[in-house]
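This report concerns only the one structure given below.
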Amino acid sequence: MSWLGEGDGRPFFAYVASAAPHRPCVPPSFVQGTSAAGARGDSIHLVDWMVGELVDALAAAGELDNTLFLVTSDNGTPMIFPEDGDVANFPPNGPWRGQKADAYEGGHRVPLVCAGPGVPAQASRGEVISLLDLLPTIAEVVGATGVAGDGVAFPLAPEVVEADPERIIGVQAYDGRLVLRSGDRKAIYGSGSGGFSEPVGEPCGPHDPDGQVYDLGNDPAETRNLWGDGERPEVVLHERFSNTTGYAWPTR
């Protein structure tokens with residue numbers, strides 16, 4: 001970030017992609033042993049240090065109060081590598097079921113921390129946001145127009161948030177199966193995890209018998225499969241998603 005001190009005052013965008021805490025977890029010596037959670041925990045401390053260095057550089061350049069600072073991750077943590085640390089006593093995905101590559105919440109639910117102009121300190125929000133939303137959000141903040149993308153801009157002030165109850169967010173597990181989320185309702189088009197957790201299972205279509213539906217509002221741990229019950233949300237969500245995006249089963 002030395003270029004910050006040499007800047008000419010023009011607006012800038014910095015995308016910083018850290019290799020930590022991705023495997024192999026090989027934290028440098030100055031953070032080794034700083035956590036009780038093994039190599040992955042130490043690697044997370046490394047990321048904390050990096051964020052602090054970036055914040056300090058922005059402050060030294062006089063840009064911190066005029067910068068929207070975002071910290072997030074692209075997926076959950078794998079839990080099948082004992083050399084990374086003690087996942088039993090230090091569950092890296094918190095209370096969520098599953099791990100990286102899985103269709104379950106542990107595979108896709110990640111933190112998003114925002115700080116800067118228009119973001120109230122200590123505020124928190126609970127609606128579903130996709131990383132696809134970052135591009136239109138940043139474009140709106142800087143006043144850019146004509147920015148294409150599949151996401152939607154989200155307001156930074158939580159008191160004005162009105163989540164769209166009709167919005168559907170689609171993701172895929174490691175084996176390519178579709179996962180749809182709308183509000184608290186989540187449909188997984190396949191049996192098993194579709195990823196690293198056993199049983200992996202097989203992908204399926206919306207009318208097949210082996211999928212999964214969970215009500216995350218009442219069952220955040222994804223323990224009660226509601227596939228085929230009641231109003232068949234797995235069919236409704238799939239039809240709406242297909243009509244909006246052109247997605248067709250089967251596809252990988």
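Residues are named by chain letter and number: chains run A, B, ... in the order of the structure tokens, numbers start at 1 in each chain, and ligands are numbered from 1 in the order shown.
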
Residues within 8 Å of region 107-124 of chain A, only C-alpha atoms, excluding chain neighbours under 6 positions, as a ChimeraX atom specification: /A:64-77,98-101,156-158

Using N, CA and C atoms, can you export the residues from the last selection as an mmCIF file, in the first residue's frame?
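Done, and the output landed in part_36.cif:
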```cif
data_model
loop_
_atom_site.group_PDB
_atom_site.id
_atom_site.type_symbol
_atom_site.label_atom_id
_atom_site.label_comp_id
_atom_site.auth_asym_id
_atom_site.auth_seq_id
_atom_site.Cartn_x
_atom_site.Cartn_y
_atom_site.Cartn_z
ATOM 1 N N LEU A 64 -8.793 7.241 5.310
ATOM 2 C CA LEU A 64 -9.618 6.254 5.991
ATOM 3 C C LEU A 64 -11.070 6.714 6.135
ATOM 4 N N ASP A 65 -11.285 7.963 6.506
ATOM 5 C CA ASP A 65 -12.644 8.454 6.743
ATOM 6 C C ASP A 65 -13.426 8.647 5.452
ATOM 7 N N ASN A 66 -12.751 8.514 4.313
ATOM 8 C CA ASN A 66 -13.418 8.689 3.030
ATOM 9 C C ASN A 66 -13.374 7.407 2.204
ATOM 10 N N THR A 67 -13.183 6.261 2.891
ATOM 11 C CA THR A 67 -13.037 4.984 2.192
ATOM 12 C C THR A 67 -14.053 3.974 2.696
ATOM 13 N N LEU A 68 -14.733 3.324 1.775
ATOM 14 C CA LEU A 68 -15.600 2.198 2.120
ATOM 15 C C LEU A 68 -14.738 0.951 2.166
ATOM 16 N N PHE A 69 -14.642 0.327 3.339
ATOM 17 C CA PHE A 69 -13.749 -0.799 3.583
ATOM 18 C C PHE A 69 -14.603 -2.050 3.764
ATOM 19 N N LEU A 70 -14.377 -3.062 2.945
ATOM 20 C CA LEU A 70 -15.158 -4.295 2.968
ATOM 21 C C LEU A 70 -14.234 -5.481 3.211
ATOM 22 N N VAL A 71 -14.633 -6.368 4.115
ATOM 23 C CA VAL A 71 -13.886 -7.596 4.371
ATOM 24 C C VAL A 71 -14.866 -8.757 4.301
ATOM 25 N N THR A 72 -14.544 -9.756 3.487
ATOM 26 C CA THR A 72 -15.441 -10.906 3.359
ATOM 27 C C THR A 72 -14.640 -12.136 2.941
ATOM 28 N N SER A 73 -15.334 -13.219 2.638
ATOM 29 C CA SER A 73 -14.708 -14.473 2.212
ATOM 30 C C SER A 73 -15.555 -15.079 1.109
ATOM 31 N N ASP A 74 -14.944 -15.992 0.340
ATOM 32 C CA ASP A 74 -15.674 -16.563 -0.793
ATOM 33 C C ASP A 74 -16.391 -17.856 -0.450
ATOM 34 N N ASN A 75 -16.061 -18.509 0.649
ATOM 35 C CA ASN A 75 -16.754 -19.743 1.031
ATOM 36 C C ASN A 75 -16.379 -20.106 2.459
ATOM 37 N N GLY A 76 -17.066 -21.131 2.984
ATOM 38 C CA GLY A 76 -16.772 -21.593 4.331
ATOM 39 C C GLY A 76 -15.484 -22.395 4.391
ATOM 40 N N THR A 77 -15.195 -22.903 5.577
ATOM 41 C CA THR A 77 -13.921 -23.578 5.855
ATOM 42 C C THR A 77 -14.023 -25.092 5.647
ATOM 43 N N GLY A 98 -22.174 -28.389 7.886
ATOM 44 C CA GLY A 98 -21.356 -28.591 6.704
ATOM 45 C C GLY A 98 -20.092 -27.753 6.672
ATOM 46 N N GLN A 99 -19.473 -27.719 5.491
ATOM 47 C CA GLN A 99 -18.162 -27.109 5.304
ATOM 48 C C GLN A 99 -18.014 -26.647 3.864
ATOM 49 N N LYS A 100 -16.819 -26.115 3.566
ATOM 50 C CA LYS A 100 -16.525 -25.690 2.198
ATOM 51 C C LYS A 100 -16.912 -26.778 1.201
ATOM 52 N N ALA A 101 -17.480 -26.364 0.059
ATOM 53 C CA ALA A 101 -17.913 -27.229 -1.038
ATOM 54 C C ALA A 101 -19.312 -27.790 -0.839
ATOM 55 N N LEU A 156 -26.415 0.970 2.729
ATOM 56 C CA LEU A 156 -25.449 0.803 3.806
ATOM 57 C C LEU A 156 -26.027 1.158 5.162
ATOM 58 N N ALA A 157 -27.100 1.943 5.199
ATOM 59 C CA ALA A 157 -27.731 2.305 6.468
ATOM 60 C C ALA A 157 -28.822 1.292 6.781
ATOM 61 N N PRO A 158 -28.691 0.490 7.846
ATOM 62 C CA PRO A 158 -29.643 -0.605 8.090
ATOM 63 C C PRO A 158 -31.054 -0.142 8.385
#
```

Selection: 7 Å around Asp86 (chain A), only C-alpha atoms, excl. self and same-chain fewer than 2 positions, as a list in words: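 Neighbouring residues, sequence-local ones excluded: Ala37, Gly38, Pro82, Ala88, Asn89 and Phe90 of chain A.
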
Neighbour list for Asp42 (chain A) as a list in words, cut-off 7 Å, only C-alpha atoms, skip fewer than 4 positions in-chain: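 In the requested format, the answer is Pro27, Val31, Gln32, Gly33, Thr34, Ser35, Gly38 and Leu46 of chain A.
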
Residues from the last selection, N, CA and C atoms, saved as an mmCIF file, in the first residue's frame:
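Produced file again.cif, reproduced below:
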```cif
data_model
loop_
_atom_site.group_PDB
_atom_site.id
_atom_site.type_symbol
_atom_site.label_atom_id
_atom_site.label_comp_id
_atom_site.auth_asym_id
_atom_site.auth_seq_id
_atom_site.Cartn_x
_atom_site.Cartn_y
_atom_site.Cartn_z
ATOM 1 N N PRO A 27 1.166 -20.363 8.264
ATOM 2 C CA PRO A 27 1.328 -19.010 8.794
ATOM 3 C C PRO A 27 2.797 -18.693 9.057
ATOM 4 N N VAL A 31 3.160 -15.103 13.599
ATOM 5 C CA VAL A 31 1.815 -15.398 14.101
ATOM 6 C C VAL A 31 1.667 -16.858 14.534
ATOM 7 N N GLN A 32 2.701 -17.660 14.365
ATOM 8 C CA GLN A 32 2.602 -19.064 14.758
ATOM 9 C C GLN A 32 2.413 -19.181 16.271
ATOM 10 N N GLY A 33 1.416 -19.964 16.657
ATOM 11 C CA GLY A 33 1.140 -20.176 18.071
ATOM 12 C C GLY A 33 0.360 -19.065 18.738
ATOM 13 N N THR A 34 -0.125 -18.086 17.954
ATOM 14 C CA THR A 34 -0.868 -16.979 18.566
ATOM 15 C C THR A 34 -2.331 -17.318 18.793
ATOM 16 N N SER A 35 -2.794 -18.416 18.229
ATOM 17 C CA SER A 35 -4.157 -18.877 18.489
ATOM 18 C C SER A 35 -4.085 -20.241 19.149
ATOM 19 N N GLY A 38 -4.643 -23.934 16.146
ATOM 20 C CA GLY A 38 -3.768 -24.550 15.168
ATOM 21 C C GLY A 38 -3.412 -23.641 14.014
ATOM 22 N N LEU A 46 -3.226 -13.940 10.941
ATOM 23 C CA LEU A 46 -2.468 -13.265 9.889
ATOM 24 C C LEU A 46 -3.372 -12.328 9.086
#
```

Long-range neighbours of Gly151 (chain A) as a list in words, 7 Å cut-off, only C-alpha atoms, 6 positions minimum in chain: Leu132, Asp133 and Pro136 of chain A

With C-alpha atoms kept, could you save the residues just selected as an mmCIF file, in the first residue's frame?
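Okay, selection34.cif is ready:
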```cif
data_model
loop_
_atom_site.group_PDB
_atom_site.id
_atom_site.type_symbol
_atom_site.label_atom_id
_atom_site.label_comp_id
_atom_site.auth_asym_id
_atom_site.auth_seq_id
_atom_site.Cartn_x
_atom_site.Cartn_y
_atom_site.Cartn_z
ATOM 1 C CA LEU A 132 -22.683 -10.458 -6.545
ATOM 2 C CA ASP A 133 -24.231 -7.471 -4.770
ATOM 3 C CA PRO A 136 -23.686 -2.664 -7.896
#
```

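Each of A:Cys25, A:Leu131, A:Val171, A:Met50 was checked against Glu83 (chain A) using only C-alpha atoms; the smallest atom-to-atom distance is that of A:Cys25.
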
Nearest to Pro28 (chain A), chosen from A:Gly94, A:His45, A:Val128, A:Gly85, with only C-alpha atoms counted in the distances: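 Ranking A:Gly94, A:His45, A:Val128, A:Gly85 by distance to Pro28 (chain A), first place goes to A:His45.
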
Residues of region 131-182 of chain A in strand (DSSP E or B), written as JSON, numbers by chain: {"A": [169, 170, 171, 172, 178, 179, 180, 181, 182]}

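The smallest atom-to-atom distance between Thr244 (chain A) and any of A:Asp56, A:Asp150, A:Glu63, A:Glu105, using only C-alpha atoms, is found for A:Asp150.
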
Residue neighbourhood Leu134 (chain A), 10 Å, only C-alpha atoms, exclusion window fewer than 3 positions, as an MDAnalysis selection string: chainID A and resid 70 129:131 137:140 149 151:154

Take the residues just selected and output them with C-alpha atoms as a PDB file, in the first residue's frame.
```
ATOM      1  CA  LEU A  70     -15.158  -4.295   2.968  1.00  0.00           C
ATOM      2  CA  ILE A 129     -26.694 -10.681   0.627  1.00  0.00           C
ATOM      3  CA  SER A 130     -24.744 -12.202  -2.245  1.00  0.00           C
ATOM      4  CA  LEU A 131     -21.184 -11.267  -3.141  1.00  0.00           C
ATOM      5  CA  THR A 137     -23.363  -1.450  -4.310  1.00  0.00           C
ATOM      6  CA  ILE A 138     -19.911   0.038  -4.880  1.00  0.00           C
ATOM      7  CA  ALA A 139     -21.070   1.495  -8.196  1.00  0.00           C
ATOM      8  CA  GLU A 140     -23.978   3.210  -6.453  1.00  0.00           C
ATOM      9  CA  GLY A 149     -24.193  -7.483 -13.221  1.00  0.00           C
ATOM     10  CA  GLY A 151     -26.474  -8.461  -8.104  1.00  0.00           C
ATOM     11  CA  VAL A 152     -28.490  -5.668  -6.526  1.00  0.00           C
ATOM     12  CA  ALA A 153     -27.216  -2.663  -4.577  1.00  0.00           C
ATOM     13  CA  PHE A 154     -27.858  -2.876  -0.850  1.00  0.00           C
TER      14      PHE A 154
END
```

Neighbour list for Val213 (chain A) as an NGL selection string, cut-off 12 Å, only C-alpha atoms, skip fewer than 3 positions in-chain: :A and (103-104 or 179-182 or 184-192 or 206 or 209-210 or 216 or 219-220 or 222-238)

One-decimal distance in Å that lies between CA of Ser193 (chain A) and CA of Ala36 (chain A):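 Result for CA of Ala36 (chain A) versus CA of Ser193 (chain A): 28.9 Å, one decimal.
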
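Between CA of Arg177 (chain A) and CA of Asp102 (chain A) there is a distance of 9.9 Å.
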
Contacts of Ala221 (chain A) at 8 Å (only C-alpha atoms; same-chain gap of 3+ positions) as a PyMOL selection string: chain A and resi 95-97+216

Take the residues from that selection and put them in a file with C-alpha atoms, as an mmCIF file, in the first residue's frame.
```
data_model
loop_
_atom_site.group_PDB
_atom_site.id
_atom_site.type_symbol
_atom_site.label_atom_id
_atom_site.label_comp_id
_atom_site.auth_asym_id
_atom_site.auth_seq_id
_atom_site.Cartn_x
_atom_site.Cartn_y
_atom_site.Cartn_z
ATOM 1 C CA PRO A 95 -23.003 -23.450 14.371
ATOM 2 C CA TRP A 96 -23.746 -23.962 10.677
ATOM 3 C CA ARG A 97 -24.009 -27.405 9.132
ATOM 4 C CA LEU A 216 -33.720 -21.649 8.107
#
```

Length of the CA of Arg10 (chain A) to CA of Val51 (chain A) vector [Å]: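 So the two atoms, CA of Arg10 (chain A) and CA of Val51 (chain A), lie 22.3 Å apart.
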